[in-house]
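Visitor: Structure file data_2.tsv (TSV, C-alpha atoms) is given on the next line.
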```tsv
chain	number	residue	atom	x	y	z
V	1	MET	CA	2.74	-12.82	-0.26
V	2	PRO	CA	-0.51	-14.55	0.61
V	3	GLU	CA	-3.36	-14.61	-1.87
V	4	LEU	CA	-7.08	-15.24	-1.81
V	5	LYS	CA	-9.43	-16.06	-4.64
V	6	VAL	CA	-11.95	-13.21	-4.69
V	7	ASN	CA	-14.72	-13.02	-7.29
V	8	GLY	CA	-12.69	-15.48	-9.33
V	9	LEU	CA	-9.54	-13.34	-9.21
V	10	ARG	CA	-6.28	-13.78	-7.33
V	11	VAL	CA	-6.04	-11.02	-4.75
V	12	ASN	CA	-2.80	-10.29	-2.91
V	13	TYR	CA	-3.13	-9.26	0.71
V	14	GLN	CA	-1.05	-8.60	3.82
V	15	LEU	CA	-1.98	-9.01	7.48
V	16	MET	CA	-0.08	-7.21	10.20
V	17	PRO	CA	-1.38	-8.25	13.63
V	18	GLY	CA	-1.65	-5.47	16.18
V	19	ALA	CA	0.47	-5.53	19.31
V	20	GLY	CA	-1.14	-6.89	22.47
V	21	ALA	CA	-4.74	-8.03	22.23
V	22	PRO	CA	-6.29	-5.85	19.52
V	23	SER	CA	-10.03	-5.27	19.48
V	24	GLU	CA	-10.05	-3.12	16.36
V	25	SER	CA	-9.11	-3.77	12.73
V	26	VAL	CA	-8.30	-1.29	9.98
V	27	VAL	CA	-8.46	-2.13	6.29
V	28	PHE	CA	-6.21	-0.10	4.03
V	29	ILE	CA	-7.57	0.49	0.52
V	30	HIS	CA	-5.09	2.06	-1.89
V	31	GLY	CA	-5.66	4.30	-4.91
V	32	MET	CA	-5.80	3.72	-8.65
V	33	GLY	CA	-3.20	3.52	-11.41
V	34	THR	CA	0.33	2.99	-10.12
V	35	ASP	CA	-0.77	2.49	-6.53
V	36	SER	CA	-0.65	-0.75	-4.52
V	37	LEU	CA	-0.82	-1.84	-0.91
V	38	ALA	CA	2.81	-0.71	-0.65
V	39	SER	CA	1.81	2.92	-0.17
V	40	PHE	CA	0.10	1.98	3.10
V	41	TYR	CA	2.51	-0.80	4.03
V	42	LEU	CA	5.50	1.54	3.84
V	43	THR	CA	3.87	4.40	5.74
V	44	LEU	CA	1.10	3.54	8.19
V	45	ALA	CA	0.86	-0.24	8.59
V	46	ALA	CA	3.69	-0.91	11.05
V	47	PRO	CA	3.08	2.10	13.34
V	48	VAL	CA	-0.67	1.42	13.42
V	49	ALA	CA	-0.06	-2.26	14.24
V	50	ALA	CA	2.42	-1.21	16.95
V	51	ALA	CA	-0.38	0.92	18.43
V	52	GLY	CA	-2.40	-2.25	18.98
V	53	ILE	CA	-4.64	-2.31	15.91
V	54	ASP	CA	-4.91	-5.23	13.47
V	55	VAL	CA	-4.00	-4.17	9.94
V	56	ILE	CA	-5.35	-5.65	6.71
V	57	SER	CA	-3.96	-4.42	3.38
V	58	TYR	CA	-4.68	-5.73	-0.10
V	59	ASP	CA	-3.99	-4.98	-3.74
V	60	LEU	CA	-7.07	-3.92	-5.68
V	61	ARG	CA	-7.91	-5.89	-8.81
V	62	GLY	CA	-5.62	-4.81	-11.64
V	63	HIS	CA	-3.04	-3.43	-9.21
V	64	GLY	CA	0.09	-4.54	-7.38
V	65	LYS	CA	0.34	-8.31	-7.35
V	66	SER	CA	-3.38	-8.97	-7.68
V	67	GLU	CA	-4.75	-10.34	-10.93
V	68	ARG	CA	-5.42	-7.86	-13.74
V	69	PRO	CA	-8.48	-8.82	-15.80
V	70	VAL	CA	-9.12	-6.98	-19.04
V	71	SER	CA	-12.50	-5.71	-17.81
V	72	GLY	CA	-14.53	-5.57	-14.62
V	73	TYR	CA	-13.48	-2.24	-13.13
V	74	ALA	CA	-16.80	-0.64	-12.20
V	75	LEU	CA	-16.95	0.61	-8.63
V	76	ARG	CA	-19.35	-2.23	-7.77
V	77	ASP	CA	-16.63	-4.77	-8.70
V	78	PHE	CA	-14.23	-3.24	-6.19
V	79	VAL	CA	-16.94	-3.16	-3.53
V	80	ASP	CA	-17.82	-6.80	-4.18
V	81	ASP	CA	-14.14	-7.76	-3.91
V	82	LEU	CA	-13.85	-6.05	-0.53
V	83	ASP	CA	-17.06	-7.74	0.61
V	84	GLU	CA	-15.73	-11.21	-0.14
V	85	LEU	CA	-12.26	-10.43	1.19
V	86	LEU	CA	-13.64	-9.30	4.55
V	87	GLN	CA	-15.91	-12.32	4.82
V	88	VAL	CA	-12.71	-14.33	5.17
V	89	LEU	CA	-10.23	-11.91	6.76
V	90	ALA	CA	-12.52	-10.10	9.21
V	91	PRO	CA	-15.69	-12.15	9.60
V	92	ASP	CA	-16.30	-11.45	13.28
V	93	ARG	CA	-16.25	-7.71	13.77
V	94	PRO	CA	-16.85	-4.44	11.94
V	95	VAL	CA	-13.75	-2.74	10.57
V	96	HIS	CA	-12.41	0.75	10.08
V	97	LEU	CA	-12.02	1.36	6.34
V	98	VAL	CA	-9.11	3.63	5.48
V	99	GLY	CA	-9.04	4.59	1.80
V	100	ASN	CA	-6.60	6.68	-0.16
V	101	SER	CA	-7.89	8.53	-3.23
V	102	PHE	CA	-10.03	6.04	-5.21
V	103	GLY	CA	-9.71	3.68	-2.23
V	104	GLY	CA	-11.67	6.17	-0.14
V	105	THR	CA	-14.45	6.18	-2.70
V	106	ILE	CA	-14.60	2.38	-2.43
V	107	ALA	CA	-14.80	2.77	1.36
V	108	TYR	CA	-17.79	5.13	1.11
V	109	ALA	CA	-19.57	2.83	-1.34
V	110	PHE	CA	-18.93	-0.19	0.90
V	111	ALA	CA	-20.16	1.64	4.01
V	112	ALA	CA	-23.37	2.57	2.20
V	113	ALA	CA	-23.93	-1.01	1.02
V	114	HIS	CA	-22.85	-2.83	4.21
V	115	PRO	CA	-23.47	-0.47	7.14
V	116	ASP	CA	-23.37	-3.23	9.77
V	117	ARG	CA	-19.81	-4.21	8.81
V	118	VAL	CA	-18.13	-0.83	9.01
V	119	ARG	CA	-17.10	0.81	12.28
V	120	SER	CA	-15.88	3.99	10.58
V	121	VAL	CA	-14.55	5.43	7.34
V	122	VAL	CA	-11.32	7.40	7.07
V	123	SER	CA	-10.93	8.85	3.60
V	124	ILE	CA	-7.68	10.44	2.46
V	125	GLU	CA	-7.96	12.78	-0.50
V	126	SER	CA	-11.16	11.18	-1.70
V	127	GLU	CA	-14.90	11.62	-1.82
V	128	PRO	CA	-18.08	9.55	-2.09
V	129	PRO	CA	-19.16	8.23	-5.51
V	130	THR	CA	-21.49	11.04	-6.56
V	131	GLU	CA	-22.14	12.43	-10.04
V	132	VAL	CA	-19.64	15.17	-9.20
V	133	TRP	CA	-17.01	12.56	-8.38
V	134	ALA	CA	-17.75	10.62	-11.58
V	135	ALA	CA	-17.33	13.70	-13.77
V	136	LYS	CA	-14.10	14.62	-12.01
V	137	MET	CA	-12.77	11.06	-12.23
V	138	ALA	CA	-13.65	10.76	-15.93
V	139	GLY	CA	-11.80	14.00	-16.62
V	140	ILE	CA	-8.69	12.93	-14.71
V	141	LEU	CA	-8.63	9.53	-16.39
V	142	ALA	CA	-9.17	10.97	-19.87
V	143	ALA	CA	-6.34	13.46	-19.33
V	144	THR	CA	-4.10	10.65	-18.06
V	145	VAL	CA	-4.87	8.46	-21.08
V	146	GLU	CA	-4.07	11.37	-23.39
V	147	LEU	CA	-0.84	12.22	-21.55
V	148	LEU	CA	0.42	8.64	-21.51
V	149	GLY	CA	-0.54	8.07	-25.13
V	150	VAL	CA	2.20	10.37	-26.40
V	151	GLU	CA	5.70	8.90	-26.28
V	152	GLU	CA	7.45	12.27	-25.92
V	153	ASN	CA	5.57	12.92	-22.70
V	154	PHE	CA	7.58	10.25	-20.91
V	155	GLU	CA	10.71	12.34	-21.59
V	156	TRP	CA	8.95	15.36	-20.11
V	157	ILE	CA	7.85	13.35	-17.06
V	158	GLU	CA	11.42	12.22	-16.40
V	159	ALA	CA	12.82	15.72	-16.89
V	160	THR	CA	10.19	17.23	-14.61
V	161	PHE	CA	9.69	14.62	-11.90
V	162	GLY	CA	12.63	12.22	-12.26
V	163	ALA	CA	13.31	8.71	-13.54
V	164	HIS	CA	11.21	7.07	-10.82
V	165	HIS	CA	8.08	8.84	-12.01
V	166	ARG	CA	8.83	7.92	-15.60
V	167	ARG	CA	8.79	4.26	-14.56
V	168	LEU	CA	5.54	4.78	-12.66
V	169	ALA	CA	4.03	6.46	-15.73
V	170	ARG	CA	5.08	3.48	-17.86
V	171	LEU	CA	3.36	1.15	-15.41
V	172	ALA	CA	0.21	3.26	-15.40
V	173	ALA	CA	0.18	3.36	-19.19
V	174	ALA	CA	0.46	-0.44	-19.34
V	175	ARG	CA	-2.40	-0.91	-16.88
V	176	ILE	CA	-4.67	1.59	-18.54
V	177	SER	CA	-4.00	0.50	-22.12
V	178	SER	CA	-4.45	-3.20	-21.35
V	179	THR	CA	-7.73	-2.85	-19.44
V	180	THR	CA	-11.06	-1.01	-19.51
V	181	MET	CA	-10.19	0.62	-16.18
V	182	ALA	CA	-10.37	4.22	-17.42
V	183	GLU	CA	-13.77	3.73	-19.05
V	184	GLU	CA	-15.40	1.66	-16.31
V	185	VAL	CA	-14.33	3.25	-13.03
V	186	PRO	CA	-16.43	6.42	-13.42
V	187	THR	CA	-19.57	4.38	-14.17
V	188	GLY	CA	-20.20	3.77	-10.48
V	189	PRO	CA	-22.86	3.02	-9.47
V	190	MET	CA	-23.20	6.40	-7.85
V	191	LEU	CA	-24.78	7.31	-4.51
V	192	SER	CA	-27.44	10.01	-4.37
V	193	PRO	CA	-26.90	12.90	-1.94
V	194	ALA	CA	-29.52	11.29	0.32
V	195	GLU	CA	-27.65	7.99	0.26
V	196	VAL	CA	-24.37	9.72	1.14
V	197	ALA	CA	-26.06	11.59	3.98
V	198	ALA	CA	-27.47	8.28	5.22
V	199	ILE	CA	-24.01	6.76	5.77
V	200	GLY	CA	-24.35	6.24	9.48
V	201	CYS	CA	-20.85	5.39	10.64
V	202	PRO	CA	-18.38	8.06	11.79
V	203	VAL	CA	-16.44	9.58	8.89
V	204	LEU	CA	-13.08	11.35	8.97
V	205	SER	CA	-12.05	13.08	5.76
V	206	ILE	CA	-8.38	14.03	5.48
V	207	LEU	CA	-7.60	16.37	2.60
V	208	GLY	CA	-4.88	18.51	1.10
V	209	ARG	CA	-5.77	22.19	0.72
V	210	HIS	CA	-4.68	21.99	-2.91
V	211	GLY	CA	-5.73	18.38	-3.56
V	212	TYR	CA	-8.40	16.86	-5.78
V	213	GLN	CA	-11.23	17.92	-3.47
V	214	SER	CA	-10.17	21.55	-3.16
V	215	ASP	CA	-12.82	22.75	-5.61
V	216	ASP	CA	-15.79	21.14	-3.87
V	217	LEU	CA	-14.77	21.21	-0.23
V	218	ASP	CA	-17.85	23.14	0.86
V	219	ALA	CA	-20.17	20.82	-1.05
V	220	LEU	CA	-18.55	17.76	0.52
V	221	THR	CA	-18.84	19.25	3.99
V	222	ALA	CA	-22.51	19.99	3.39
V	223	LEU	CA	-23.04	16.47	2.07
V	224	MET	CA	-21.79	14.87	5.30
V	225	PRO	CA	-22.53	17.32	8.09
V	226	ARG	CA	-21.73	14.76	10.79
V	227	GLY	CA	-18.31	13.92	9.37
V	228	GLU	CA	-15.04	15.33	10.66
V	229	LEU	CA	-12.66	17.14	8.36
V	230	PHE	CA	-8.92	17.65	8.61
V	231	VAL	CA	-7.18	19.75	5.94
V	232	PHE	CA	-3.41	19.99	5.45
V	233	ASP	CA	-2.54	23.51	4.35
V	234	GLY	CA	-0.12	23.80	1.43
V	235	GLN	CA	-0.61	20.14	0.57
V	236	GLY	CA	-1.61	18.62	-2.77
V	237	HIS	CA	-3.08	15.20	-3.51
V	238	SER	CA	-0.21	13.11	-2.10
V	239	VAL	CA	-1.31	13.49	1.52
V	240	LEU	CA	-0.66	9.88	2.47
V	241	VAL	CA	2.99	9.69	1.48
V	242	GLU	CA	3.96	13.30	2.17
V	243	GLN	CA	2.15	13.66	5.52
V	244	HIS	CA	2.28	10.07	6.70
V	245	ARG	CA	3.53	10.83	10.21
V	246	ALA	CA	0.68	13.26	10.86
V	247	VAL	CA	-1.88	10.96	9.21
V	248	ARG	CA	-0.67	8.11	11.42
V	249	GLY	CA	-1.39	10.18	14.54
V	250	LEU	CA	-4.82	11.20	13.27
V	251	LEU	CA	-5.71	7.61	12.41
V	252	VAL	CA	-4.60	5.98	15.68
V	253	ASP	CA	-6.44	8.65	17.67
V	254	TRP	CA	-9.52	8.23	15.49
V	255	VAL	CA	-9.66	4.45	15.90
V	256	ARG	CA	-9.25	4.73	19.65
V	257	ARG	CA	-12.07	7.27	19.83
V	258	HIS	CA	-14.34	5.07	17.73
V	259	ALA	CA	-13.55	1.63	19.12
V	260	GLY	CA	-16.47	-0.71	19.54
P	1	MET	CA	-19.31	-17.73	-0.93
P	2	ALA	CA	-17.23	-17.51	-4.08
P	3	MET	CA	-13.93	-17.02	-2.37
P	4	THR	CA	-11.61	-19.73	-1.21
P	5	GLU	CA	-8.22	-19.52	0.35
P	6	THR	CA	-5.64	-20.73	-2.12
P	7	ASP	CA	-2.35	-19.96	-0.51
P	8	THR	CA	-1.17	-18.49	2.75
P	9	GLY	CA	2.51	-18.52	1.93
P	10	ALA	CA	3.04	-17.80	-1.73
P	11	ILE	CA	6.80	-17.70	-1.48
P	12	ASP	CA	8.69	-20.93	-1.25
P	13	THR	CA	11.08	-20.20	1.57
P	14	ALA	CA	12.69	-23.62	1.22
P	15	ALA	CA	14.28	-22.41	-1.97
P	16	ILE	CA	15.87	-19.41	-0.36
P	17	GLY	CA	16.67	-20.70	3.08
P	18	THR	CA	14.78	-20.14	6.29
P	19	GLY	CA	17.49	-20.44	8.88
P	20	PRO	CA	18.79	-17.38	10.68
P	21	ILE	CA	22.40	-16.52	10.03
P	22	ASP	CA	24.89	-17.32	12.72
P	23	THR	CA	25.18	-14.26	14.93
P	24	GLY	CA	27.09	-16.03	17.64
P	25	ALA	CA	30.37	-14.52	16.51
P	26	ILE	CA	29.26	-10.98	17.11
P	27	ASN	CA	27.07	-11.61	20.14
P	28	ALA	CA	29.91	-13.23	22.01
P	29	GLY	CA	32.31	-10.30	21.90
P	30	THR	CA	31.86	-6.68	22.83
P	31	VAL	CA	34.45	-5.17	20.49
P	32	ASP	CA	35.28	-7.33	17.54
P	33	THR	CA	35.17	-5.37	14.33
P	34	GLY	CA	36.25	-8.35	12.29
P	35	ALA	CA	33.17	-10.27	13.42
P	36	VAL	CA	30.93	-7.29	12.72
P	37	ASP	CA	32.33	-7.09	9.22
P	38	THR	CA	31.53	-10.77	8.80
P	39	VAL	CA	27.94	-10.15	9.81
P	40	THR	CA	27.67	-7.13	7.55
P	41	THR	CA	29.02	-9.11	4.62
P	42	SER	CA	26.87	-12.17	5.21
P	43	VAL	CA	23.74	-10.05	5.68
P	44	PHE	CA	24.48	-8.15	2.47
P	45	ASP	CA	24.95	-11.43	0.62
P	46	ALA	CA	21.68	-12.73	2.04
P	47	VAL	CA	19.83	-9.57	1.00
P	48	VAL	CA	21.23	-9.88	-2.53
P	49	GLU	CA	20.18	-13.53	-2.62
P	50	LEU	CA	16.62	-12.63	-1.57
P	51	ILE	CA	16.48	-9.83	-4.13
P	52	GLY	CA	17.43	-12.42	-6.71
P	53	THR	CA	14.20	-14.26	-5.92
P	54	LEU	CA	12.27	-11.03	-6.51
P	55	VAL	CA	13.92	-10.43	-9.86
P	56	GLY	CA	12.98	-13.95	-10.80
P	57	ASP	CA	16.31	-14.94	-12.31
P	58	ASP	CA	19.83	-15.35	-11.15
P	59	LEU	CA	21.27	-11.85	-10.97
P	60	GLU	CA	24.60	-13.06	-12.31
P	61	VAL	CA	22.89	-14.66	-15.30
P	62	LEU	CA	21.20	-11.32	-15.95
P	63	GLY	CA	24.55	-9.62	-15.68
P	64	VAL	CA	23.40	-7.42	-12.80
P	65	GLN	CA	26.12	-6.56	-10.34
P	66	VAL	CA	24.37	-5.63	-7.11
P	67	ARG	CA	26.49	-3.27	-5.05
P	68	HIS	CA	26.03	-1.49	-1.75
P	69	ASP	CA	24.95	1.67	-3.58
P	70	THR	CA	22.63	-0.04	-6.09
P	71	PRO	CA	19.22	1.67	-5.87
P	72	PHE	CA	16.48	-0.87	-5.09
P	73	HIS	CA	13.95	0.64	-7.47
P	74	GLU	CA	15.92	2.25	-10.28
P	75	GLY	CA	18.90	-0.08	-10.24
P	76	LEU	CA	16.96	-3.33	-10.23
P	77	GLY	CA	13.75	-2.38	-12.05
P	78	LEU	CA	11.68	-3.25	-9.01
P	79	GLU	CA	8.50	-1.64	-7.67
P	80	SER	CA	7.54	-0.61	-4.17
P	81	ILE	CA	5.31	-3.68	-3.94
P	82	ASP	CA	8.52	-5.73	-4.36
P	83	LEU	CA	9.85	-3.95	-1.29
P	84	VAL	CA	6.86	-5.34	0.60
P	85	THR	CA	7.72	-8.84	-0.58
P	86	LEU	CA	11.35	-8.35	0.40
P	87	ALA	CA	10.27	-7.20	3.87
P	88	GLY	CA	8.41	-10.48	4.34
P	89	LEU	CA	11.37	-12.50	3.11
P	90	LEU	CA	13.74	-10.69	5.47
P	91	THR	CA	11.49	-11.36	8.46
P	92	ARG	CA	11.29	-15.04	7.53
P	93	ARG	CA	15.05	-15.24	7.19
P	94	PHE	CA	16.12	-13.19	10.21
P	95	GLY	CA	13.09	-13.30	12.48
P	96	PRO	CA	10.58	-10.67	13.68
P	97	ARG	CA	13.33	-8.39	14.97
P	98	VAL	CA	13.81	-7.40	11.33
P	99	ASN	CA	10.74	-5.28	10.57
P	100	LEU	CA	11.50	-3.36	7.39
P	101	ALA	CA	8.01	-1.82	7.29
P	102	GLU	CA	8.60	-0.27	10.71
P	103	HIS	CA	11.97	1.07	9.58
P	104	LEU	CA	10.70	2.49	6.29
P	105	ALA	CA	7.72	4.17	7.97
P	106	GLU	CA	10.21	6.54	9.59
P	107	LEU	CA	11.65	7.64	6.23
P	108	ASP	CA	10.43	10.34	3.87
P	109	LEU	CA	9.16	9.55	0.39
P	110	ASP	CA	12.34	10.55	-1.43
P	111	GLU	CA	14.39	8.41	0.95
P	112	VAL	CA	12.24	5.36	0.18
P	113	ILE	CA	12.40	6.06	-3.57
P	114	GLY	CA	16.19	6.33	-3.41
P	115	LEU	CA	16.67	3.41	-1.03
P	116	THR	CA	19.80	1.36	-1.83
P	117	VAL	CA	20.46	-2.31	-1.32
P	118	GLY	CA	23.23	-1.35	1.11
P	119	GLU	CA	20.87	0.72	3.24
P	120	ILE	CA	18.50	-2.23	3.50
P	121	ALA	CA	21.38	-4.55	4.42
P	122	ASP	CA	22.73	-2.06	6.96
P	123	TYR	CA	19.36	-1.92	8.70
P	124	VAL	CA	19.14	-5.72	8.81
P	125	ALA	CA	22.70	-6.04	10.11
P	126	LEU	CA	21.95	-3.50	12.83
P	127	ARG	CA	18.94	-5.45	14.01
P	128	VAL	CA	20.88	-8.71	13.86
P	129	ARG	CA	23.66	-7.22	15.98
P	130	GLU	CA	21.12	-5.92	18.49
P	131	GLY	CA	19.81	-9.45	18.75
```
Could you render the structure from this file as structure tokens?
Guide:
Amino acid sequence: MPELKVNGLRVNYQLMPGAGAPSESVVFIHGMGTDSLASFYLTLAAPVAAAGIDVISYDLRGHGKSERPVSGYALRDFVDDLDELLQVLAPDRPVHLVGNSFGGTIAYAFAAAHPDRVRSVVSIESEPPTEVWAAKMAGILAATVELLGVEENFEWIEATFGAHHRRLARLAAARISSTTMAEEVPTGPMLSPAEVAAIGCPVLSILGRHGYQSDDLDALTALMPRGELFVFDGQGHSVLVEQHRAVRGLLVDWVRRHAG
Amino acid sequence: MAMTETDTGAIDTAAIGTGPIDTGAINAGTVDTGAVDTVTTSVFDAVVELIGTLVGDDLEVLGVQVRHDTPFHEGLGLESIDLVTLAGLLTRRFGPRVNLAEHLAELDLDEVIGLTVGEIADYVALRVREG
């Protein structure tokens, strides 16, 4: 797969040109841990490209086939990577940022820092980088480190979720134990409520009723009163892979409604 | 700007072959099951060969017998990101009619997790037959 040198690191990316003569581009930003561009590539990329939208996907630093440095995992590092990537891959027009989980948080941070380069933000099971997010993220990461630090837990993971998830857990453990990812990610920098409210581009937030944002749904809605919200009832955090057909429809419609 | 483009085609296709397989045998006849079997077999062999490039070593040297029902992930120790690489290799080998991403986008998560080498080859063979 093609690579670019971004902030001194090798970053793996994929381009899928839209059918016809596309005027819009989406950038897929995946989540943390075991995630990679594959989760978007295998669900949304081809149908969205077939709908006439250019698709850019990439592996975050430390993930997929991108380089994995020991340190450098603060949110600002991910935002800087996206900045440099888009200077090469989408220099001529603003893009729609579509982020899953931690990828959505990167999208919000990028939109706040580079408002003229973002047409819209679509966040899937994610939220802006506020103090609330940081505390939640730190808790999730600490629990994950603890879980993956006990060898017997891998047996439990396989018995409960299957062999595939045991392999994923092994991968996550390797990434977390060999980097400062878990410590650095929650350090931000954070956006204040005023800075979140000042994000001027259209925002679509797609959530699971029982996902990671279920406990602060009202607060998030209040934080971005101009944003649109779509909630899947009976759905947990894995909205992207478990609801990908519905998300595809929402996304294509959204991009068409917010074309430049 | 600190970024420079280093590579737009990281995979050396010369090493794995870039020519499309000969589909003339099956395109020429309307009902010729022998020819279809030939296509199915040659496509399966090609898929196994490409998977060998993902694994990074000769599968035979590793003692891995890839069968029709070998699971892509569990059976070969590969990740979903390797499936993305394979999709690119298949398109290079067989042309844009083979769009594995488009095919997989219609599957559910458990179907993708349990995907076998044979299922991948069957999809490719179908698209090759359709021309």
Visitor: Should the cut-off be 7 Å, what would the residue list for chain V against chain P look like, counting all atoms listed in the file, as a PDB file with C-alpha atoms, in the frame of the given file?
Guide:
```pdb
ATOM      1  CA  MET V   1       2.740 -12.820  -0.260  1.00  0.00           C
ATOM      2  CA  PRO V   2      -0.510 -14.550   0.610  1.00  0.00           C
ATOM      3  CA  GLU V   3      -3.360 -14.610  -1.870  1.00  0.00           C
ATOM      4  CA  LEU V   4      -7.080 -15.240  -1.810  1.00  0.00           C
ATOM      5  CA  LYS V   5      -9.430 -16.060  -4.640  1.00  0.00           C
ATOM      6  CA  VAL V   6     -11.950 -13.210  -4.690  1.00  0.00           C
ATOM      7  CA  ASN V   7     -14.720 -13.020  -7.290  1.00  0.00           C
ATOM      8  CA  SER V  36      -0.650  -0.750  -4.520  1.00  0.00           C
ATOM      9  CA  ALA V  38       2.810  -0.710  -0.650  1.00  0.00           C
ATOM     10  CA  TYR V  41       2.510  -0.800   4.030  1.00  0.00           C
ATOM     11  CA  LEU V  42       5.500   1.540   3.840  1.00  0.00           C
ATOM     12  CA  THR V  43       3.870   4.400   5.740  1.00  0.00           C
ATOM     13  CA  LEU V  44       1.100   3.540   8.190  1.00  0.00           C
ATOM     14  CA  ALA V  46       3.690  -0.910  11.050  1.00  0.00           C
ATOM     15  CA  PRO V  47       3.080   2.100  13.340  1.00  0.00           C
ATOM     16  CA  GLY V  64       0.090  -4.540  -7.380  1.00  0.00           C
ATOM     17  CA  GLU V  84     -15.730 -11.210  -0.140  1.00  0.00           C
ATOM     18  CA  HIS V 164      11.210   7.070 -10.820  1.00  0.00           C
ATOM     19  CA  VAL V 241       2.990   9.690   1.480  1.00  0.00           C
ATOM     20  CA  GLU V 242       3.960  13.300   2.170  1.00  0.00           C
TER      21      GLU V 242
END
```
Visitor: Near stretch 203-218 of chain V, within 10 Å and counting only C-alpha atoms, which residues show up once chain neighbours fewer than 5 positions away are dropped, as a VMD selection string?
Guide: chain V and resid 96 to 101 104 108 119 to 127 132 to 133 136 to 137 140 223 to 240 243 247 250 to 251 254
Visitor: Got a sec: who's within 12 Å of stretch 196-198 of chain V, counting all atoms listed in the file, leaving out chain neighbours fewer than 3 positions off, as a PyMOL selection string?
Guide: chain V and resi 105+107-113+115+127-131+190-193+201-203+220-227
Visitor: Using only C-alpha atoms, which of P:Glu119, P:Glu130, P:Asp45, P:Asp37 sits nearest P:Asp69?
Guide: P:Glu119
Visitor: Could you state the separation of atom CA of V:Gly33 and atom CA of V:Ser178 in Å, given to one decimal place?
Guide: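 Atom-to-atom, atom CA of V:Gly33 and atom CA of V:Ser178 are spaced 12.1 Å apart.
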Visitor: Restricting the calculation to only C-alpha atoms: of V:Leu168, V:Ala51, V:Gln14, V:Gly149, which residue gets closest to V:Gly249?
Guide: V:Ala51
Visitor: Please tell me which residues are no farther than 12 Å from (15.3, -4.9, -13.3) in the file, counting all atoms listed in the file, and write them as a VMD selection string.
Guide: (chain V and resid 167) or (chain P and resid 51 to 59 62 to 66 70 to 79 82)
Visitor: Which residues are near V:Ala142? Cut-off 12 Å, all atoms listed in the file, ignore same chain within fewer than 6 positions. Put them as number ranges by chain.
Guide: V: 134-136, 148-149, 176-177, 181-186
Visitor: One number please: atom CA of V:Gly103 to atom CA of P:Ile120, in Å, one decimal.
Guide: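 These two atoms are separated by 29.4 Å.
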Visitor: Please provide as a list in words all residues within 7 Å of V:Gly18, with the sequence filter that same-chain residues fewer than 6 positions apart are discarded (counting only C-alpha atoms).
Guide: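 Returned residues: Ala49, Ala50, Ala51, Gly52, Ile53, Asp54 and Val55 of chain V.
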Visitor: So that all listed atoms of stretch 181-196 of chain V fit with 3 Å spare on each side, what axis-aligned box centre and edge lengths in Å, to one decimal, would you give as lines of an AutoDock Vina configuration file?
Guide:
```
center_x = -19.9
center_y = 6.8
center_z = -9.0
size_x = 25.3
size_y = 18.3
size_z = 26.2
```
Visitor: What is the distance between atom CA of V:Ala74 and atom CA of V:Phe102, in Å to one decimal?
Guide: 11.8 Å
Visitor: Take the structure in the block and write a file for stretch 84-95 of chain P, N, CA and C atoms, as a compact mmCIF listing (two decimals), in the first residue's frame.
Guide:
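Now in out-v2.txt:
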```txt
# COMPACT_ATOMS: atom_id res chain seq x y z
N VAL P 84 -6.93 -5.72 3.26
CA VAL P 84 -6.88 -4.51 2.43
C VAL P 84 -5.74 -4.63 1.41
N THR P 85 -4.60 -5.09 1.88
CA THR P 85 -3.46 -5.27 0.97
C THR P 85 -3.80 -6.30 -0.10
N LEU P 86 -4.41 -7.40 0.31
CA LEU P 86 -4.78 -8.44 -0.65
C LEU P 86 -5.75 -7.89 -1.69
N ALA P 87 -6.69 -7.06 -1.25
CA ALA P 87 -7.66 -6.47 -2.19
C ALA P 87 -6.93 -5.69 -3.28
N GLY P 88 -5.92 -4.93 -2.89
CA GLY P 88 -5.14 -4.17 -3.87
C GLY P 88 -4.38 -5.09 -4.81
N LEU P 89 -3.81 -6.15 -4.28
CA LEU P 89 -3.07 -7.10 -5.11
C LEU P 89 -4.00 -7.79 -6.11
N LEU P 90 -5.19 -8.13 -5.66
CA LEU P 90 -6.14 -8.81 -6.55
C LEU P 90 -6.57 -7.89 -7.69
N THR P 91 -6.78 -6.62 -7.39
CA THR P 91 -7.17 -5.67 -8.44
C THR P 91 -6.04 -5.49 -9.44
N ARG P 92 -4.81 -5.45 -8.94
CA ARG P 92 -3.66 -5.32 -9.85
C ARG P 92 -3.55 -6.55 -10.74
N ARG P 93 -3.81 -7.71 -10.18
CA ARG P 93 -3.65 -8.95 -10.93
C ARG P 93 -4.79 -9.15 -11.94
N PHE P 94 -6.02 -8.90 -11.49
CA PHE P 94 -7.18 -9.25 -12.31
C PHE P 94 -7.91 -8.06 -12.90
N GLY P 95 -7.51 -6.86 -12.53
CA GLY P 95 -8.16 -5.67 -13.07
C GLY P 95 -9.25 -5.14 -12.15
```
